[in-house]
Structure formats: structure tokens, C-alpha cells
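Data block for work21.txt (compact mmCIF, C-alpha atoms):
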```
# COMPACT_ATOMS: atom_id res chain seq x y z
CA MET Y 1 -126.18 -110.28 195.24
CA THR Y 2 -123.78 -107.52 194.26
CA GLY Y 3 -121.44 -106.87 191.35
CA HIS Y 4 -119.54 -104.20 189.51
CA LEU Y 5 -121.46 -101.02 188.71
CA ARG Y 6 -121.82 -100.86 184.94
CA PRO Y 7 -122.69 -97.67 183.06
CA SER Y 8 -125.98 -98.13 181.25
CA SER Y 9 -128.40 -96.16 179.11
CA ALA Y 10 -132.12 -95.90 179.68
CA PRO Y 11 -133.86 -99.04 181.03
CA GLY Y 12 -134.72 -101.47 178.29
CA TYR Y 13 -134.61 -105.14 177.46
CA PRO Y 14 -132.79 -107.15 180.19
CA ARG Y 15 -129.13 -107.68 179.34
CA PHE Y 16 -127.43 -111.05 179.48
CA LYS Y 17 -125.35 -111.34 182.64
CA GLY Y 18 -122.35 -113.59 181.99
CA ILE Y 19 -120.38 -115.68 184.41
CA GLY Y 20 -118.10 -112.77 185.28
CA TYR Y 21 -120.83 -110.23 186.00
CA PHE Y 22 -121.30 -110.88 189.74
CA ASP Y 23 -118.41 -111.17 192.21
CA THR Y 24 -120.16 -111.77 195.54
CA VAL Y 25 -123.21 -113.49 196.97
CA ASP Y 26 -124.41 -112.78 200.50
CA HIS Y 27 -126.73 -114.86 202.72
CA ARG Y 28 -128.08 -114.71 206.24
CA ASN Y 29 -126.76 -117.64 208.26
CA GLY Y 30 -129.35 -120.40 208.04
CA ASP Y 31 -131.22 -118.77 205.16
CA GLY Y 32 -129.76 -120.29 202.00
CA ALA Y 33 -126.38 -120.92 203.61
CA LYS Y 34 -125.00 -122.58 206.73
CA TRP Y 35 -121.48 -122.50 208.16
CA ASP Y 36 -119.72 -125.63 209.46
CA SER Y 37 -122.42 -127.88 208.06
CA HIS Y 38 -120.43 -131.13 208.19
CA PRO Y 39 -119.74 -133.10 211.42
CA THR Y 40 -116.12 -134.11 210.62
CA GLN Y 41 -114.85 -131.52 208.11
CA THR Y 42 -115.02 -127.75 207.86
CA ARG Y 43 -117.64 -127.16 205.20
CA VAL Y 44 -120.13 -124.49 204.23
CA TYR Y 45 -123.52 -125.26 202.74
CA PHE Y 46 -125.12 -123.15 199.99
CA GLN Y 47 -128.60 -123.84 198.75
CA GLY Y 48 -128.55 -125.26 195.24
CA VAL Y 49 -124.83 -126.01 195.46
CA GLY Y 50 -124.44 -128.31 198.46
CA HIS Y 51 -121.65 -128.78 201.00
CA ILE Y 52 -118.31 -127.21 199.99
CA LYS Y 53 -115.05 -128.00 201.77
CA VAL Y 54 -113.29 -124.92 203.18
CA LYS Y 55 -109.59 -124.35 203.89
CA GLN Y 56 -110.03 -122.57 207.22
CA HIS Y 57 -107.02 -120.39 208.08
CA ARG Y 58 -108.04 -119.77 211.70
CA PRO Y 59 -110.80 -120.85 214.11
CA VAL Y 60 -114.04 -118.88 214.10
CA VAL Y 61 -114.55 -117.46 217.59
CA ALA Y 62 -118.00 -115.92 217.78
CA ARG Y 63 -121.14 -115.94 219.88
CA ARG Y 64 -123.32 -116.02 216.79
CA LEU Y 65 -122.73 -115.99 213.05
CA THR Y 66 -125.00 -113.51 211.30
CA ARG Y 67 -124.09 -113.55 207.61
CA ILE Y 68 -122.22 -115.80 205.18
CA GLY Y 69 -120.87 -114.44 201.93
CA ILE Y 70 -118.90 -115.93 199.10
CA ARG Y 71 -116.50 -113.77 197.09
CA ARG Y 72 -114.66 -114.54 193.88
CA GLU Y 73 -111.21 -113.22 193.00
CA GLY Y 74 -110.18 -114.59 189.63
CA ARG Y 75 -110.40 -118.37 189.90
CA ARG Y 76 -110.34 -118.31 193.71
CA TRP Y 77 -113.38 -118.30 195.98
CA TYR Y 78 -113.47 -117.03 199.56
CA VAL Y 79 -116.05 -117.43 202.32
CA VAL Y 80 -116.64 -114.22 204.30
CA LEU Y 81 -118.27 -114.47 207.72
CA ALA Y 82 -119.92 -111.75 209.81
CA ALA Y 83 -120.43 -112.52 213.49
CA ASP Y 84 -121.39 -111.14 216.88
CA GLN Y 85 -118.33 -111.29 219.11
CA ALA Y 86 -117.57 -110.47 222.71
CA LEU Y 87 -115.90 -107.14 223.43
CA PRO Y 88 -112.09 -107.40 223.16
CA VAL Y 89 -109.99 -107.30 226.31
CA ALA Y 90 -107.75 -104.23 226.64
CA LEU Y 91 -104.01 -104.88 226.61
CA GLN Y 92 -101.90 -104.29 229.69
CA MET Y 93 -100.48 -100.76 229.88
CA THR Y 94 -96.81 -100.33 228.96
CA GLY Y 95 -96.35 -96.66 229.92
CA VAL Y 96 -94.68 -95.87 226.58
CA ARG Y 97 -95.86 -93.35 223.96
CA VAL Y 98 -94.60 -93.00 220.40
CA GLY Y 99 -94.85 -90.72 217.39
CA ILE Y 100 -94.69 -91.97 213.78
CA ASP Y 101 -93.37 -90.17 210.71
CA LEU Y 102 -94.31 -91.93 207.48
CA ALA Y 103 -91.72 -92.51 204.78
CA THR Y 104 -91.67 -94.19 201.40
CA GLY Y 105 -89.45 -96.02 198.94
CA PRO Y 106 -85.93 -97.02 200.08
CA ASN Y 107 -86.29 -94.62 203.02
CA GLY Y 108 -88.52 -97.19 204.77
CA LEU Y 109 -92.19 -97.22 205.72
CA ALA Y 110 -92.02 -95.11 208.89
CA TYR Y 111 -89.76 -93.84 211.68
CA THR Y 112 -90.69 -93.63 215.35
CA SER Y 113 -89.83 -90.95 217.87
CA LEU Y 114 -87.69 -93.57 219.67
CA GLY Y 115 -85.44 -93.96 216.64
CA GLU Y 116 -86.91 -97.20 215.26
CA ARG Y 117 -87.08 -97.65 211.49
CA ILE Y 118 -89.99 -99.69 210.11
CA GLU Y 119 -88.84 -101.25 206.86
CA ASN Y 120 -90.73 -100.98 203.59
CA PRO Y 121 -90.65 -104.22 201.57
CA ALA Y 122 -92.11 -102.39 198.51
CA TYR Y 123 -93.70 -105.55 197.14
CA GLY Y 124 -95.00 -103.75 194.07
CA ARG Y 125 -91.54 -102.51 193.09
CA ALA Y 126 -90.06 -105.95 193.74
CA SER Y 127 -92.63 -107.53 191.40
CA GLN Y 128 -92.34 -104.99 188.55
CA SER Y 129 -90.70 -107.46 186.17
CA ARG Y 130 -93.40 -110.09 186.73
CA LEU Y 131 -96.13 -107.47 186.28
CA ALA Y 132 -94.51 -106.23 183.06
CA ASP Y 133 -94.24 -109.77 181.68
CA ALA Y 134 -97.89 -110.48 182.50
CA ASP Y 135 -98.96 -107.17 180.92
CA ARG Y 136 -97.04 -107.87 177.72
CA THR Y 137 -98.50 -111.37 177.49
CA LEU Y 138 -102.01 -109.95 177.87
CA ALA Y 139 -101.38 -107.28 175.22
CA ARG Y 140 -100.37 -109.91 172.65
CA THR Y 141 -103.63 -111.86 172.94
CA GLN Y 142 -106.77 -111.40 170.91
CA ARG Y 143 -109.85 -109.97 172.58
CA GLY Y 144 -112.43 -112.62 173.45
CA SER Y 145 -109.98 -115.49 173.05
CA ASN Y 146 -109.33 -118.23 175.58
CA ARG Y 147 -105.65 -117.23 175.72
CA ARG Y 148 -106.64 -113.71 176.70
CA ARG Y 149 -108.81 -115.02 179.52
CA LYS Y 150 -105.91 -117.07 180.87
CA ALA Y 151 -103.47 -114.17 180.52
CA ARG Y 152 -105.87 -111.89 182.37
CA GLU Y 153 -106.13 -114.43 185.19
CA ARG Y 154 -102.33 -114.68 185.42
CA LEU Y 155 -102.04 -110.89 185.67
CA ALA Y 156 -104.73 -110.84 188.36
CA ASP Y 157 -102.81 -113.53 190.28
CA VAL Y 158 -99.68 -111.36 190.35
CA HIS Y 159 -101.65 -108.35 191.62
CA ARG Y 160 -103.40 -110.53 194.20
CA LYS Y 161 -100.11 -111.86 195.58
CA ILE Y 162 -98.68 -108.33 195.89
CA ARG Y 163 -101.81 -107.15 197.72
CA ASN Y 164 -101.79 -110.13 200.09
CA GLN Y 165 -98.08 -109.65 200.86
CA ARG Y 166 -98.61 -105.96 201.58
CA HIS Y 167 -101.66 -106.59 203.79
CA ASP Y 168 -99.85 -109.29 205.77
CA TYR Y 169 -96.81 -107.09 206.40
CA LEU Y 170 -98.83 -104.02 207.39
CA HIS Y 171 -101.03 -106.06 209.73
CA LYS Y 172 -97.94 -107.34 211.56
CA ALA Y 173 -96.28 -103.91 211.68
CA ALA Y 174 -99.45 -102.31 213.09
CA ARG Y 175 -99.83 -105.11 215.63
CA ARG Y 176 -96.27 -104.60 216.91
CA LEU Y 177 -96.93 -100.88 217.44
CA VAL Y 178 -100.21 -101.47 219.27
CA ASP Y 179 -98.68 -104.15 221.49
CA ARG Y 180 -95.76 -101.94 222.54
CA TYR Y 181 -97.22 -98.45 223.00
CA ASP Y 182 -100.11 -96.99 224.99
CA VAL Y 183 -100.36 -93.85 222.86
CA ILE Y 184 -99.59 -93.78 219.13
CA VAL Y 185 -99.47 -90.44 217.29
CA ALA Y 186 -99.34 -90.30 213.49
CA GLU Y 187 -99.75 -87.78 210.71
CA ASP Y 188 -103.22 -86.84 209.48
CA LEU Y 189 -102.48 -86.83 205.77
CA ASN Y 190 -104.68 -86.19 202.75
CA ILE Y 191 -103.30 -89.24 200.98
CA ALA Y 192 -105.86 -89.07 198.16
CA GLY Y 193 -104.74 -85.52 197.38
CA MET Y 194 -101.05 -86.39 197.70
CA THR Y 195 -101.36 -89.17 195.13
CA ARG Y 196 -103.37 -87.13 192.63
CA ARG Y 197 -101.88 -86.70 189.16
CA ALA Y 198 -99.89 -83.51 188.59
CA ALA Y 199 -102.04 -80.82 186.98
CA PRO Y 200 -101.00 -79.70 183.46
CA ARG Y 201 -99.54 -76.22 183.01
CA PRO Y 202 -100.55 -74.57 179.70
CA ASP Y 203 -97.86 -72.25 178.35
CA GLY Y 204 -100.35 -70.04 176.50
CA THR Y 205 -99.15 -71.04 173.02
CA GLY Y 206 -100.99 -74.34 172.73
CA GLY Y 207 -98.31 -76.32 174.53
CA TYR Y 208 -97.55 -77.21 178.12
CA GLU Y 209 -94.79 -76.31 180.55
CA HIS Y 210 -92.87 -78.92 182.50
CA ASN Y 211 -94.92 -79.84 185.60
CA GLY Y 212 -92.79 -82.58 187.13
CA GLY Y 213 -95.37 -85.17 186.15
CA SER Y 214 -92.88 -88.04 185.81
CA ALA Y 215 -91.43 -87.50 189.28
CA LYS Y 216 -94.92 -87.06 190.73
CA THR Y 217 -96.04 -90.33 189.12
CA GLY Y 218 -93.11 -92.14 190.71
CA LEU Y 219 -93.90 -90.64 194.12
CA ASN Y 220 -97.58 -91.59 193.79
CA ARG Y 221 -96.62 -95.15 192.94
CA SER Y 222 -94.27 -95.36 195.93
CA ILE Y 223 -96.92 -94.06 198.35
CA ARG Y 224 -99.49 -96.56 197.10
CA ASP Y 225 -96.93 -99.36 197.22
CA ALA Y 226 -96.07 -98.49 200.83
CA GLY Y 227 -99.78 -98.58 201.75
CA TRP Y 228 -99.92 -95.48 203.99
CA ARG Y 229 -103.71 -95.27 204.12
CA LEU Y 230 -104.10 -98.96 204.88
CA PHE Y 231 -101.35 -98.84 207.52
CA LEU Y 232 -103.02 -95.98 209.40
CA GLU Y 233 -106.43 -97.65 209.20
CA MET Y 234 -104.99 -100.86 210.63
CA ILE Y 235 -103.33 -99.02 213.51
CA ARG Y 236 -106.59 -97.22 214.26
CA ALA Y 237 -108.67 -100.42 214.26
CA LYS Y 238 -106.20 -102.42 216.35
CA ALA Y 239 -105.70 -99.56 218.82
CA GLU Y 240 -109.44 -99.25 219.34
CA SER Y 241 -109.88 -102.97 220.03
CA ALA Y 242 -106.83 -103.08 222.33
CA GLY Y 243 -107.75 -100.06 224.46
CA ARG Y 244 -104.89 -97.92 223.13
CA GLU Y 245 -105.02 -94.25 222.11
CA PHE Y 246 -104.46 -93.35 218.48
CA ILE Y 247 -104.04 -89.67 217.62
CA GLN Y 248 -103.57 -88.02 214.24
CA VAL Y 249 -102.18 -84.49 213.95
CA ASP Y 250 -101.48 -81.94 211.24
CA PRO Y 251 -97.88 -82.66 210.14
CA ALA Y 252 -97.22 -79.12 208.85
CA TYR Y 253 -93.64 -77.95 209.56
CA THR Y 254 -92.81 -80.99 211.72
CA SER Y 255 -89.86 -81.77 209.44
CA GLN Y 256 -88.51 -78.18 209.64
CA SER Y 257 -88.90 -77.61 213.39
CA CYS Y 258 -86.27 -78.55 215.94
CA SER Y 259 -87.54 -81.11 218.44
CA LYS Y 260 -85.25 -79.61 221.13
CA CYS Y 261 -85.72 -75.84 220.95
CA GLY Y 262 -88.68 -75.51 218.55
CA HIS Y 263 -86.84 -73.29 216.04
CA ARG Y 264 -88.49 -73.58 212.63
CA GLU Y 265 -86.57 -73.00 209.42
CA ALA Y 266 -86.59 -74.82 206.09
CA ALA Y 267 -82.79 -74.87 206.04
CA ASN Y 268 -82.75 -76.98 209.22
CA ARG Y 269 -83.42 -80.06 207.11
CA ASN Y 270 -81.14 -81.26 204.35
CA GLY Y 271 -82.45 -84.56 203.03
CA LYS Y 272 -82.11 -87.20 205.75
CA PHE Y 273 -79.93 -84.91 207.87
CA PHE Y 274 -81.38 -82.46 210.43
CA ASN Y 275 -79.20 -79.75 211.97
CA CYS Y 276 -80.88 -76.94 213.92
CA LEU Y 277 -79.29 -73.63 212.90
CA LEU Y 278 -80.23 -72.08 216.25
CA CYS Y 279 -79.28 -74.61 218.95
CA GLY Y 280 -77.13 -77.02 216.90
CA HIS Y 281 -79.29 -80.10 217.58
CA VAL Y 282 -78.38 -82.90 215.14
CA ASP Y 283 -80.65 -85.85 214.39
CA ASP Y 284 -82.12 -88.03 211.69
CA ALA Y 285 -84.68 -85.81 209.92
CA ASP Y 286 -87.47 -88.39 210.07
CA VAL Y 287 -86.85 -89.21 213.73
CA ASN Y 288 -86.86 -85.47 214.57
CA ALA Y 289 -90.20 -85.12 212.74
CA ALA Y 290 -91.61 -88.12 214.64
CA VAL Y 291 -90.69 -86.48 217.96
CA ASN Y 292 -92.49 -83.29 216.90
CA ILE Y 293 -95.52 -85.34 215.86
CA LEU Y 294 -95.60 -87.02 219.27
CA LYS Y 295 -95.44 -83.64 221.05
CA SER Y 296 -98.26 -82.25 218.91
CA GLY Y 297 -100.40 -85.31 219.59
CA LEU Y 298 -99.89 -85.17 223.35
CA ALA Y 299 -100.76 -81.45 223.35
CA LEU Y 300 -103.89 -82.19 221.34
CA ARG Y 301 -104.87 -84.97 223.76
CA ASP Y 302 -104.35 -82.70 226.79
CA THR Y 303 -106.56 -80.06 225.16
CA ALA Y 304 -109.27 -82.62 224.43
CA GLU Y 305 -109.17 -83.94 228.01
CA ALA Y 306 -109.36 -80.40 229.42
CA ALA Y 307 -112.32 -79.62 227.18
CA THR Y 308 -114.05 -82.80 228.37
CA ARG Y 309 -113.58 -81.82 232.01
CA SER Y 310 -114.61 -78.21 231.40
CA PRO Y 311 -117.39 -77.91 228.78
CA SER Y 312 -117.00 -74.15 228.79
CA ILE Y 313 -113.60 -74.48 227.04
CA GLY Y 314 -113.95 -73.98 223.27
CA MET Y 315 -113.38 -76.98 221.03
CA THR Y 316 -112.07 -75.06 218.02
CA SER Y 317 -108.46 -75.92 218.92
CA LEU Y 318 -109.14 -79.57 218.13
CA GLY Y 319 -109.27 -78.86 214.40
CA ALA Y 320 -105.53 -79.68 214.11
CA GLY Y 321 -106.06 -83.42 214.38
CA ARG Y 322 -108.15 -86.35 215.58
CA VAL Y 323 -108.01 -88.20 218.86
CA LEU Y 324 -109.22 -91.75 219.38
CA PHE Y 325 -109.48 -92.83 223.00
CA GLY Y 326 -109.37 -96.61 223.33
```
Would you mind writing the file out in C-alpha cells?
Amino acid sequence: MTGHLRPSSAPGYPRFKGIGYFDTVDHRNGDGAKWDSHPTQTRVYFQGVGHIKVKQHRPVVARRLTRIGIRREGRRWYVVLAADQALPVALQMTGVRVGIDLATGPNGLAYTSLGERIENPAYGRASQSRLADADRTLARTQRGSNRRRKARERLADVHRKIRNQRHDYLHKAARRLVDRYDVIVAEDLNIAGMTRRAAPRPDGTGGYEHNGGSAKTGLNRSIRDAGWRLFLEMIRAKAESAGREFIQVDPAYTSQSCSKCGHREAANRNGKFFNCLLCGHVDDADVNAAVNILKSGLALRDTAEAATRSPSIGMTSLGAGRVLFG
């Protein structure tokens, strides 16, 4: 049985644990819980509770169920199953490789080296008014009251819907990429550092200089709403199970370098427009960056394969990214 970690002082008299203290309960299959315990309906059995009907969203395909958990989110309960499954079958090769440059906000979620734009629904931004209404309702209630409990549940419902919408969309977008491409190259970003709050700048007189905190807060919110970290994790997991290659590379200077001649200059990029000042190559800035990302990933893969064939070759050159061979 697990729950939220609560700060506590030195051990003392046992504290009362209310109904909201624990969020999950975990059982071994057959030891206090049993899946599909009814002959005509999909039900799960928990010792001390009995048979509970389950709304099963897809069939359970497994050689053996190992664990059964129950998780609470607000007033909703979910059954979580862990199972031993057969190894997935690799997808048929397509012969196509692609690079991905992540974007945010109205600029989309990502661009591919083939010129495809992956849209960004921005479910959090689209639900700002509903979140604000739920927040205001919660703020007007009295602590400990029944109205406050209901208002808190309504706010949690709004957040839950946004999260479920985002997860569903990112799952489908990652699946389309894995189905289409044998090799997928993406940026290896420090997303936690990118979304960190802007550091204050003391002016030496007891005040603070302008640090762009408002703009940084908006950018952080857009990155989290787009779900970059989750998107990359989904691509990695699906690529591994499908026998694809997923490579992450250092994205430094990919937006300033020309994908045709390699000339690097900050002035090459002007917003969404890329115009190489050396060779005159013109392209969408994000698509140009995606092409550079693909080239870096393929070079990294070739280096890794050469090092595998020849152990005497140093591996220090692989520090620029990570390669996952499916």
C-alpha cells in the first residue's frame, strides 16, 4: 500500500490516516485479488470487498498476470495490471529515416526533416477558462467544508481531462512516426532545465533587475502543455518494441546551420524563415533544423556501429547523443 509522502517530525503516536491518505493498493494476482473473476462479466475480485465490475477498454493479452493494483484519481478508480507478455513482433522495414525538431505553442508540436508539421492541440491553453473558473470556485469555499471538497474534485476533473487528452494525442502522434520510419532522430534536451524558473537578478541596492520572468513563465507553460518529455519517452518506448532505431543528439546550432552547405551563422535564421547567407539556401527554419538533426543522428549511429565492429575505436565521440537500436 502506497500513498503521498508526508513530511513528519520524530516518530511518535500513530497519526489518523483519513480516507484520502492512500491512493493505491497493490496485490499479487491470486493473493488478495483476482482478475476476471466472474464467468459472464469482466470483474475483479478484492479480498474484503468482493467482485467489482470493470469497464475494460481493451482486451488483456498476456501469458500470465503477475500483479493487480487499484488506483484512485479523485472519485474515479482504475485497475492496473502487470503481466508477462510475449516479445513484440518487429514492424516491416520502410526504408525511410526522419529527423524531428520540437516546437511549441502555435508553431506546432514538431517538424520533420521531410517537411511534415505535427500539430500541437495545446489542451491546457484551450482549457484555461475552465481551469480559471474552477480555481475561483475553490478559492471562495471554506476550508474543511463539503463545498470545498466538491470544488476540489471539479478542479481535479478538469486537470484529469486535459492530461488524458494530451496523453491520447501524443500516443497517436508517436505511433504514426514509429509506423512510418525505420530511424527516428530527435533532440536530446534538458527539458527540466529549460522549464526552470528564471533566476532573480539583484541590482545591488536591495531591488531586482528585469530578468524576463514573465516571458520565461509563458514559455515554460507552453513546453509543459506540449508534453515534450512525454512525447520523446513514448517514441522511445514504441520504437524499442517495434524494432525501430531511436536516436537523440545534441541540438546545439542545428537552427543556425545550413542543411545544404553547413555554414553556421546566427543571422541565417530570422524567426520561422531560414536563409543561408553563404549559399542562399531558403527553407522553413524548423524543417532546416530537423534535417540537421537527422544528419547528426546518422553520423552518431555510424560512429557507434564502427565502434561496435572495432573495439579499439574510442567511444568518447558518442557523448553527443544517445542511440537506441531496436
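Closest approach to Gln128 (chain Y) among Y:Arg148, Y:His51, Y:His159, Y:His281 is made by Y:His159 (distances from only C-alpha atoms).
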_Atomic separation - CA of Leu155 (chain Y) relative to CA of Val54 (chain Y), Å_ = 25.1 Å
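Coordinates place CA of Ile223 (chain Y) at a distance of 23.2 Å from CA of Leu114 (chain Y).
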*Residue neighbourhood region 116-126 of chain Y, 10 Å, only C-alpha atoms, exclusion window fewer than 6 positions, as a PyMOL selection string*: chain Y and resi 100-110+158-159+161-166+169-170+173+221-227+286-287
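Shell of Arg197 (chain Y) at 12 Å, with all atoms listed in the file counted and residues fewer than 4 places along the chain excluded, is Ala192, Gly193, Asn211, Gly212, Gly213, Ser214, Ala215, Lys216, Thr217, Gly218, Leu219, Asn220 and Arg221 of chain Y.
Distance-wise, CA of Thr94 (chain Y) and CA of Thr308 (chain Y) end up 24.6 Å apart.
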*asked:* I need the residue nearest Val80 (chain Y) from this list: Y:Val98, Y:Val25, Y:Met93, Y:Ile235. Use only C-alpha atoms for the distance.
replied: Y:Val25
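Considering the residues Y:Val96, Y:Ala82, Y:Leu91, Y:Val49 and counting all atoms listed in the file, Gly243 (chain Y) has its shortest atom-to-atom contact with Y:Leu91.
The shortest atom-to-atom distance to Asp179 (chain Y), with only C-alpha atoms taken into account, belongs to Y:Arg244 out of Y:Arg244, Y:Lys34, Y:Arg154, Y:Arg140.
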Only N, CA, C and O atoms, as a CSV table (one decimal), in the first residue's frame: that is what I want for region 190-214 of chain Y.
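So selection_6.csv came out as:
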```csv
chain,number,residue,atom,x,y,z
Y,190,ASN,N,17.5,19.0,-22.3
Y,190,ASN,CA,17.4,19.1,-20.8
Y,190,ASN,C,16.1,19.8,-20.5
Y,190,ASN,O,16.1,21.0,-20.2
Y,191,ILE,N,15.0,19.1,-20.6
Y,191,ILE,CA,13.7,19.8,-20.5
Y,191,ILE,C,13.5,20.3,-19.1
Y,191,ILE,O,12.9,21.4,-18.9
Y,192,ALA,N,13.9,19.6,-18.1
Y,192,ALA,CA,13.8,20.1,-16.7
Y,192,ALA,C,14.5,21.4,-16.5
Y,192,ALA,O,14.0,22.3,-15.9
Y,193,GLY,N,15.7,21.5,-17.1
Y,193,GLY,CA,16.4,22.8,-17.0
Y,193,GLY,C,15.8,23.9,-17.8
Y,193,GLY,O,15.7,25.0,-17.4
Y,194,MET,N,15.2,23.5,-19.0
Y,194,MET,CA,14.6,24.5,-19.8
Y,194,MET,C,13.3,25.1,-19.2
Y,194,MET,O,13.0,26.3,-19.5
Y,195,THR,N,12.7,24.3,-18.4
Y,195,THR,CA,11.4,24.8,-17.8
Y,195,THR,C,11.6,25.3,-16.4
Y,195,THR,O,10.6,25.5,-15.6
Y,196,ARG,N,12.9,25.5,-16.0
Y,196,ARG,CA,13.1,26.0,-14.6
Y,196,ARG,C,12.8,27.5,-14.6
Y,196,ARG,O,13.0,28.2,-15.6
Y,197,ARG,N,12.4,28.0,-13.4
Y,197,ARG,CA,12.0,29.4,-13.3
Y,197,ARG,C,13.2,30.3,-13.5
Y,197,ARG,O,14.4,29.9,-13.1
Y,198,ALA,N,13.0,31.4,-14.0
Y,198,ALA,CA,14.1,32.4,-14.3
Y,198,ALA,C,14.7,32.8,-13.0
Y,198,ALA,O,14.0,33.2,-12.0
Y,199,ALA,N,16.0,32.8,-12.9
Y,199,ALA,CA,16.7,33.2,-11.7
Y,199,ALA,C,16.6,34.7,-11.4
Y,199,ALA,O,16.7,35.5,-12.4
Y,200,PRO,N,16.4,35.2,-10.2
Y,200,PRO,CA,16.4,36.6,-9.9
Y,200,PRO,C,17.7,37.3,-10.1
Y,200,PRO,O,18.8,36.6,-10.0
Y,201,ARG,N,17.7,38.6,-10.5
Y,201,ARG,CA,18.9,39.3,-10.7
Y,201,ARG,C,19.0,40.5,-9.7
Y,201,ARG,O,18.4,41.6,-10.0
Y,202,PRO,N,19.6,40.4,-8.6
Y,202,PRO,CA,19.7,41.5,-7.7
Y,202,PRO,C,20.5,42.7,-8.3
Y,202,PRO,O,21.5,42.5,-9.0
Y,203,ASP,N,20.0,43.9,-8.1
Y,203,ASP,CA,20.6,45.1,-8.7
Y,203,ASP,C,21.6,45.8,-7.7
Y,203,ASP,O,22.2,46.8,-8.1
Y,204,GLY,N,21.8,45.1,-6.5
Y,204,GLY,CA,22.8,45.7,-5.6
Y,204,GLY,C,22.3,46.7,-4.7
Y,204,GLY,O,23.0,47.2,-3.8
Y,205,THR,N,21.1,47.2,-4.9
Y,205,THR,CA,20.5,48.2,-4.0
Y,205,THR,C,19.3,47.7,-3.2
Y,205,THR,O,18.5,48.5,-2.7
Y,206,GLY,N,19.2,46.4,-3.1
Y,206,GLY,CA,18.0,45.9,-2.5
Y,206,GLY,C,16.9,45.5,-3.4
Y,206,GLY,O,15.9,44.9,-2.9
Y,207,GLY,N,17.0,45.9,-4.6
Y,207,GLY,CA,15.9,45.5,-5.6
Y,207,GLY,C,16.4,44.5,-6.6
Y,207,GLY,O,17.5,43.9,-6.4
Y,208,TYR,N,15.6,44.3,-7.7
Y,208,TYR,CA,16.0,43.3,-8.7
Y,208,TYR,C,15.8,43.9,-10.1
Y,208,TYR,O,14.9,44.7,-10.3
Y,209,GLU,N,16.7,43.5,-10.9
Y,209,GLU,CA,16.7,43.9,-12.3
Y,209,GLU,C,15.6,43.0,-13.1
Y,209,GLU,O,15.3,41.9,-12.6
Y,210,HIS,N,15.2,43.5,-14.2
Y,210,HIS,CA,14.3,42.7,-15.0
Y,210,HIS,C,15.0,41.5,-15.6
Y,210,HIS,O,16.1,41.5,-16.1
Y,211,ASN,N,14.4,40.3,-15.4
Y,211,ASN,CA,15.0,39.0,-15.8
Y,211,ASN,C,14.2,38.3,-16.8
Y,211,ASN,O,14.5,37.1,-17.1
Y,212,GLY,N,13.2,38.9,-17.3
Y,212,GLY,CA,12.3,38.2,-18.3
Y,212,GLY,C,11.5,37.1,-17.7
Y,212,GLY,O,11.2,36.1,-18.4
Y,213,GLY,N,11.2,37.2,-16.4
Y,213,GLY,CA,10.5,36.1,-15.8
Y,213,GLY,C,9.1,35.8,-16.3
Y,213,GLY,O,8.7,34.7,-16.4
Y,214,SER,N,8.4,36.9,-16.7
Y,214,SER,CA,7.0,36.7,-17.3
Y,214,SER,C,7.1,35.9,-18.6
Y,214,SER,O,6.3,34.9,-18.8
```
